[in-house]
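The structure appears right after this line, and notes come after that.
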Amino acid sequence: MELDGRVVVVTGGTRGVGAGIARSFLEAGAEVVVCARRPPVEPVSADGRTASFAALDLRDPAAVEEFFAAVEGRYGQLDCLVNNAGGTPYRLLGEGGAQRHARVVELNLLAPMTASLAAYPRLRETRGSVVMIGSVSGTRPSPGTAAYGAAKAGLESLARSMAVEWAPEVRVNSLVLGMVRTELAHLHYGDEAGIAAVGATVPLGRLADPSDVGAAAVFLASGRAGYVSGASLLVHGGGERPAFLDAATVNKES
């Protein structure tokens with residue numbers, strides 16, 4: 001298969017988008033290691049193959065270095081790091097102190113930097129790649145998740161700088177995600193009616209599936225993207241319909 005013999009680490013790969021990414025890499029033939037603070041409820045599997053799991057707090061640089069050394073010791077190489085771990089609760093800026101917001105930035109920006117720095121010597125040996133999982137929250141106002149949006153904007157900038165500094169040995173790219181339907185979608189969009197209504201606002205008419213993200217990540221890690229570095233690939237179903245189109249009183253479709 002496309003990534004036979006490749007070794008891939010997916011941070012936060014035990015559920016949601018991360019698990020979808022891990023399954024896509026398994027289907028492409030890669031050996032996959034997922035890490036998170038807690039183990040998955042069920043092993044992450046696809047096509048009769050299962051990702052290995054390691055408990056890891058990505059905010060602990062020493063533990064992160066030990067983790068990548070262990071991956072190298074077990075598999076002999078590392079070909080791709082997918083920096084997926086992240087997230088945030090809904091919290092308006094005025095409702096939380098600076099330290100709470102700083103923890104969101106730490107998880108969504110500093111932790112991917114820590115992981116990338118630890119992975120870099122291994123990726124350089126294999127001429128591998130890093131895939132950052134970004135968000136449209138980093139490209140537009142993000143009320144209620146402002147620190148998260150700021151961190152994702154920084155992550156995209158970090159990826160572009162890494163792509164220049166680490167070339168030509170290591171490619172670095174970003175996937176900029178829109179709304180994705182995961183097992184936690186109801187926390188963001190409500191019941192099935194709410195999820196359907198939100199999906200209808202997307203030009204392609206639905207929320208993304210984690211497998212959509214996984215397919216894009218596999219592409220960026222593969223030889224087919226061998227000349228792609230420093231890029232940001234939008235995975236958002238066409239984005240969001242501009243609000244003014246619905247508010248205007250002219251040029252309405254009959």
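Order determines the names: the first chain of the structure tokens is A, the second B, and so forth; residues in each chain are numbered 1 upward, and ligands are numbered 1 upward as they are shown.
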Can you list, as a PyMOL selection string, every residue of range 20-196 of chain A that DSSP puts in alpha helix (DSSP H)? chain A and resi 20-27+61-75+98-105+111-126+146-165+185-189+192-196
Those of range 13-74 of chain A in DSSP strand (DSSP E), formatted as a list in words: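 Those residues are Glu31, Val32, Val33, Val34, Cys35, Ala36, Ser45, Ala46, Arg49, Thr50, Ser52, Phe53, Ala54 and Ala55 of chain A.
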Just want the 7 Å neighbourhood of Pro39 in chain A, counted on only C-alpha atoms, with same-chain residues fewer than 2 positions away dropped. Output as a list in words.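 Counting only C-alpha atoms, the residues come to Thr14, Ala36, Arg37, Val41, Phe53 and Ala55 of chain A.
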A:Ala225, A:Val104, A:Val10, A:Leu207: which is nearest Ala185 in chain A, counting only C-alpha atoms?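 Between A:Ala225, A:Val104, A:Val10, A:Leu207, the residue approaching Ala185 in chain A most closely is A:Leu207.
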Leaving out Pro143 in chain A and any residue of its chain fewer than 5 positions from it, which residues lie within 10 Å of it when counting only C-alpha atoms, given as a PyMOL selection string? chain A and resi 90-93+137+148-149
Please determine, counting only C-alpha atoms, which residue among A:Asp246, A:Ala62, A:Glu125, A:Val7 has the shortest atom-to-atom distance to Tyr75 in chain A.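 For Tyr75 in chain A, the nearest of the given residues is A:Val7.
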Quick one: residues within 8 Å of range 129-135 of chain A, only C-alpha atoms counted, chain neighbours fewer than 3 positions away excluded, as a VMD selection string? chain A and resid 79 to 84 112 116 123 138 to 139 149 152 to 153 155 to 156 159 170 to 178 217 220 to 221
Two-atom distance - CA of Asp47 in chain A, CA of Val218 in chain A (Å):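 These atoms are spaced 15.6 Å apart.
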Which is closer to Leu204 in chain A than all the others in A:Leu3, A:Val235, A:Ala216, A:Ala102, using only C-alpha atoms?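 Looking only at the distances to Leu204 in chain A, the closest residue turns out to be A:Val235.
Using only C-alpha atoms, the smallest distance between any of A:Pro210, A:Arg74, A:Glu240, A:Gly94 and Gly18 in chain A comes from A:Pro210.
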